[in-house]
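A.B. asks: Attaching a single structure in structure tokens format; questions to follow.
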Amino acid sequence: MESAYLLDIVIMLAAAVLAVPVFRATGLGAVPGFLVAGILVGPSGLALIDNVSEIRHLAELGVVLLLFVIGIELKPSRLWLMRRQVFGLGTLQVVVTGAVLGAAAFLFMDVSFRAAALIGPILALSSTAFVLQILAEQRSLQSVYGRNTLAVLLLQDLAVVPLLALIPLLAMPELTIGTDIAVALVEALAILVAAIVGGRVLLQPLLHRVAQARSKEVFTALTVLLVLGSAILTEHLGMSMAMGAFIAGLLIADSPFRHEVMAEIEPFRGLLLGLFFMSMGMSLQFGEFLAQPTLILGMLIALIAIKFIVLWPLAAAFGLGARTGAAVALLLAQSGEFGLVLFAYASDAALLEPALFQQLLVVVVLSMLVTPPLARLAQHLAATRSRSSDMDHEEPDAAPVVLAGFGRVGRRIGRVLAQAGVPYVAIDNDSSLVLEQRAKGHPVFYGDGQRPDVLRSIGIADARSVIVIIDDFEASERIVATLREAHPHIEILARGHNAAQCRRLRDLGATVAVSENLEASVELAREVLIHEGVTREQGETLLRDFRTEYYADVDEAPADNPKV
């Protein structure tokens with residue numbers, strides 16, 4: 001039995017390795033690739049795997065980790081900056097689209113009121129992973145079109161939480177509109193408040209203690225324990241595992257440890273979430289589509305048309321204009337990964353008939369597969385709009401400078417940048433220093449700057465320049481080499497103790513390497529020259545020429561030259 005289970009995992013991994021790169025290369029994205037891979041190896045395809053139910057139990061951990069990451073990313077400060085679009089346009093899109101789709105399901109699909117109350121809001125959600133990937137590939141995240149799309153997606157991500165709470169409420173056999181719902185909501189609110197208060201008191205000190213141990217393995221274990229422990233706790237309290245993970249993510253959102261935690265969880269999340277999508281693909285029974293292709297295609301067209309017709313005028317009402325509003329509506333016209341997640345939970349709660357569940361899964365998958373051509377049309381409309389309106393000529397927000405290291409030198413540089421009005425973010429692996437400096441208001445986070453995933457989490461891709469100022473020279477070498485390989489166009493400024501180290505850093509890709517010994521020598525020489533009566537102008541000329549000659553030697557001499 002164990003070897004058969006292992007064989008199933010090997011088959012799924014092989015299918016994903018073959019299918020996902022093909023779908024990425026064709027512009028369809030990773031999610032449809034996982035779905036199609038699951039279809040191919042599942043009962044509807046080659047029937048290589050028939051143990052779908054057990055695989056789904058393991059795959060649910062991917063959803064738990066996804067909600068955890070979303071909780072971390074939904075920082076209150078980020079929501080507040082986009083509050084008009086998020087809570088205005090986003091709320092109206094979910095509410096109005098959900099109501100229209102729910103009414104259509106109730107009137108034309110012969111489903112119960114409870115099922116319709118779920119189907120509408122769930123189908124109103126779009127694919128966050130898919131749409132953000134498309135916007136990144138189009139380089140449109142900072143455009144008016146991209147920012148408003150992101151705002152709606154943020155509200156949709158928030159809407160997942162009440163929908164998760166709504167499913168067990170609707171599954172109650174003796175559900176009443178008054179007392180039962182009110183009691184359940186009060187209980188859920190009490191659980192949320194207790195979890196948040198307890199987490200705030202206990203979580204950061206615990207993360208700090210573990211970080212002080214400087215053990216990557218222990219920190220990884222704590223991160224996984226935090227996610228799974230919160231998920232199991234909320235499940236025992238009558239809520240979903242995903243809800244518990246979301247709460248845990250919210251607790252981490254404003255923590256100085258958030259980037260290190262995200263870096264630790266990312267590999268697990270990606271793999272298990274891919275496994276979840278594959279399990280959804282294996283659950284699909286395309287016999288439903290082949291038996292009723294007209295019905296399924298009609299549902300697909302109705303879904304896209306309703307979402308477009310509702311969102312377009314709403315976007316225009318928020319000042320986006322006809323073309324940009326149409327672009328946003330087209331890009332969000334599909335259903336997404338949370339549709340698969342929530343429909344699976346609703347099916348497990350017996351709120352959806354098996355045949356209806358299969359129809360909805362097929363519609364969600366097909367809507368995601370038709371998104372790339374809709375996205376190309378949306379990009380064309382948004383580009384046309386940008387040529388005719390000054391609104392879309394807004395420059396993206398200034399990317400921060402990243403300081404890798406926040407010791408004495410890093411803090412001085414940060415102070416100068418702050419006085420100059422230049423935004424920056426710092427990272428350091430000394431948790432005590434991080435907590436101390438954050439208490440003083442400095443934007444510093446805990447993390448290991450040698451790890452590409454930590455740098456990615458902190459936003460290195462959007463930075464204009466990185467200053468590497470840590471005392472460990474070998475670590476500086478690894479950071480510079482990693483940055484140059486992953487981001488060939490970024491400006492890298494690094495500190496070396498002497499000329500040999502500066503040459504090594506330049507060889508590894510540093511744009512500028514500054515010698516600590518030289519700068520100390522120059523400052524001492526400046527004071528001596530002033531004391532000896534040399535004019536300031538003469539002294540500065542001498543020191544400038546000396547510095548130029550020194551760094552010219554750094555650029556030209558071999559890296560193993562011991563000159564200092």
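All residue names refer to the structure tokens as shown: chains lettered A, B, ... in order, residues numbered from 1 in each chain, ligands numbered from 1 in order.
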Got a sec: who's within 12 Å of segment 467-474 of chain A, counting only C-alpha atoms, leaving out chain neighbours fewer than 6 positions off, as a VMD selection string?

C.D. replies: chain A and resid 400 to 414 417 424 to 430 448 to 450 460 480 to 483 490 to 498 500 to 502 504 to 505 508 510 to 516

A.B. asks: Could you pull the residues within 12 Å of Leu67 of chain A, counting only C-alpha atoms, minus those fewer than 2 positions along the same chain, as a tab-separated table (two decimals) with N, CA and C atoms, in the first residue's frame?

C.D. replies:
```tsv
chain	number	residue	atom	x	y	z
A	60	GLU	N	-5.26	19.42	0.62
A	60	GLU	CA	-5.91	20.53	1.33
A	60	GLU	C	-4.90	21.38	2.09
A	61	LEU	N	-3.74	20.81	2.42
A	61	LEU	CA	-2.71	21.60	3.08
A	61	LEU	C	-2.23	22.73	2.19
A	62	GLY	N	-2.29	22.54	0.87
A	62	GLY	CA	-1.94	23.62	-0.04
A	62	GLY	C	-2.86	24.82	0.11
A	63	VAL	N	-4.16	24.56	0.28
A	63	VAL	CA	-5.13	25.64	0.50
A	63	VAL	C	-4.85	26.33	1.83
A	64	VAL	N	-4.53	25.54	2.85
A	64	VAL	CA	-4.21	26.11	4.16
A	64	VAL	C	-3.03	27.06	4.06
A	65	LEU	N	-1.98	26.64	3.37
A	65	LEU	CA	-0.80	27.48	3.22
A	65	LEU	C	-1.08	28.71	2.35
A	69	VAL	N	-0.48	32.64	3.51
A	69	VAL	CA	0.28	33.65	2.77
A	69	VAL	C	-0.59	34.87	2.47
A	70	ILE	N	-1.85	34.65	2.11
A	70	ILE	CA	-2.75	35.77	1.85
A	70	ILE	C	-2.94	36.61	3.11
A	71	GLY	N	-3.05	35.95	4.26
A	71	GLY	CA	-3.16	36.67	5.52
A	71	GLY	C	-1.94	37.55	5.77
A	72	ILE	N	-0.75	37.03	5.45
A	72	ILE	CA	0.47	37.82	5.63
A	72	ILE	C	0.49	39.02	4.68
A	73	GLU	N	0.05	38.81	3.45
A	73	GLU	CA	0.16	39.87	2.44
A	73	GLU	C	-0.91	40.95	2.60
A	74	LEU	N	-2.01	40.64	3.27
A	74	LEU	CA	-3.08	41.62	3.43
A	74	LEU	C	-2.78	42.54	4.61
A	157	ASP	N	-9.99	38.36	-2.08
A	157	ASP	CA	-9.26	37.51	-1.14
A	157	ASP	C	-9.83	37.64	0.26
A	158	LEU	N	-10.18	38.87	0.65
A	158	LEU	CA	-10.81	39.07	1.96
A	158	LEU	C	-12.16	38.37	2.03
A	159	ALA	N	-12.89	38.37	0.90
A	159	ALA	CA	-14.23	37.78	0.89
A	159	ALA	C	-14.19	36.27	1.07
A	160	VAL	N	-13.05	35.65	0.81
A	160	VAL	CA	-12.95	34.20	0.99
A	160	VAL	C	-13.20	33.82	2.45
A	161	VAL	N	-12.76	34.67	3.37
A	161	VAL	CA	-12.87	34.34	4.79
A	161	VAL	C	-14.33	34.21	5.24
A	164	LEU	N	-15.84	31.09	3.73
A	164	LEU	CA	-15.44	29.88	4.44
A	164	LEU	C	-16.28	29.69	5.70
A	227	VAL	N	1.48	27.29	11.25
A	227	VAL	CA	0.41	27.16	10.27
A	227	VAL	C	-0.50	25.99	10.61
A	228	LEU	N	0.10	24.82	10.77
A	228	LEU	CA	-0.71	23.62	11.01
A	228	LEU	C	-1.39	23.66	12.37
A	230	SER	N	-2.42	26.34	14.09
A	230	SER	CA	-3.57	27.24	14.05
A	230	SER	C	-4.70	26.64	13.24
A	231	ALA	N	-4.35	25.93	12.15
A	231	ALA	CA	-5.39	25.30	11.32
A	231	ALA	C	-6.14	24.22	12.10
A	240	SER	N	-13.05	26.36	9.80
A	240	SER	CA	-12.25	25.62	8.82
A	240	SER	C	-10.75	25.74	9.13
A	241	MET	N	-9.98	24.78	8.64
A	241	MET	CA	-8.53	24.85	8.78
A	241	MET	C	-7.97	26.07	8.05
A	242	ALA	N	-8.53	26.37	6.89
A	242	ALA	CA	-8.06	27.52	6.12
A	242	ALA	C	-8.26	28.82	6.90
A	243	MET	N	-9.36	28.91	7.64
A	243	MET	CA	-9.62	30.10	8.45
A	243	MET	C	-8.53	30.27	9.50
A	244	GLY	N	-8.13	29.19	10.16
A	244	GLY	CA	-7.07	29.27	11.15
A	244	GLY	C	-5.75	29.73	10.55
A	245	ALA	N	-5.42	29.21	9.37
A	245	ALA	CA	-4.19	29.62	8.72
A	245	ALA	C	-4.24	31.10	8.34
A	246	PHE	N	-5.41	31.57	7.90
A	246	PHE	CA	-5.56	32.97	7.54
A	246	PHE	C	-5.33	33.86	8.78
A	247	ILE	N	-5.88	33.46	9.92
A	247	ILE	CA	-5.69	34.23	11.15
A	247	ILE	C	-4.20	34.27	11.51
A	248	ALA	N	-3.53	33.13	11.40
A	248	ALA	CA	-2.10	33.10	11.70
A	248	ALA	C	-1.32	34.03	10.77
A	249	GLY	N	-1.71	34.06	9.50
A	249	GLY	CA	-1.06	34.97	8.56
A	249	GLY	C	-1.26	36.43	8.94
A	250	LEU	N	-2.48	36.78	9.37
A	250	LEU	CA	-2.74	38.16	9.79
A	250	LEU	C	-1.86	38.55	10.98
A	265	ILE	N	7.93	29.21	4.10
A	265	ILE	CA	6.70	28.50	3.77
A	265	ILE	C	6.50	28.39	2.25
A	269	ARG	N	4.14	25.74	0.15
A	269	ARG	CA	2.90	26.27	-0.41
A	269	ARG	C	2.79	25.96	-1.90
A	273	LEU	N	0.00	23.40	-3.09
A	273	LEU	CA	-1.09	24.04	-3.83
A	273	LEU	C	-1.20	23.45	-5.23
A	337	GLU	N	-9.08	30.02	-8.53
A	337	GLU	CA	-8.68	28.89	-7.70
A	337	GLU	C	-9.55	28.77	-6.44
A	338	PHE	N	-10.02	29.90	-5.93
A	338	PHE	CA	-10.86	29.82	-4.74
A	338	PHE	C	-12.24	29.27	-5.06
A	341	VAL	N	-11.63	25.72	-4.51
A	341	VAL	CA	-11.49	25.45	-3.07
A	341	VAL	C	-12.86	25.44	-2.39
```

A.B. asks: List every residue of segment 294-431 of chain A that DSSP, applied to the backbone, labels as alpha helix (DSSP H), and write the result as a PyMOL selection string.

C.D. replies: chain A and resi 294-317+322-331+337-348+354-369+371-388+408-419+431

A.B. asks: With only C-alpha atoms as the atoms that count, which of A:Thr324, A:Ser347, A:Thr541, A:Gln419 lies nearest to His380 of chain A?

C.D. replies: A:Thr324

A.B. asks: Give the answer as one residue: which of A:Gly298, A:Pro256, A:Gly321, A:Pro354 has the shortest atom-to-atom distance to Ala439 of chain A, using only C-alpha atoms?

C.D. replies: A:Pro256

A.B. asks: For Arg323 of chain A, which residue out of A:Gln292, A:Gln379, A:Gln212, A:Ser279 is the nearest one, using only C-alpha atoms?

C.D. replies: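 Closest to Arg323 of chain A of all the choices is A:Gln379.
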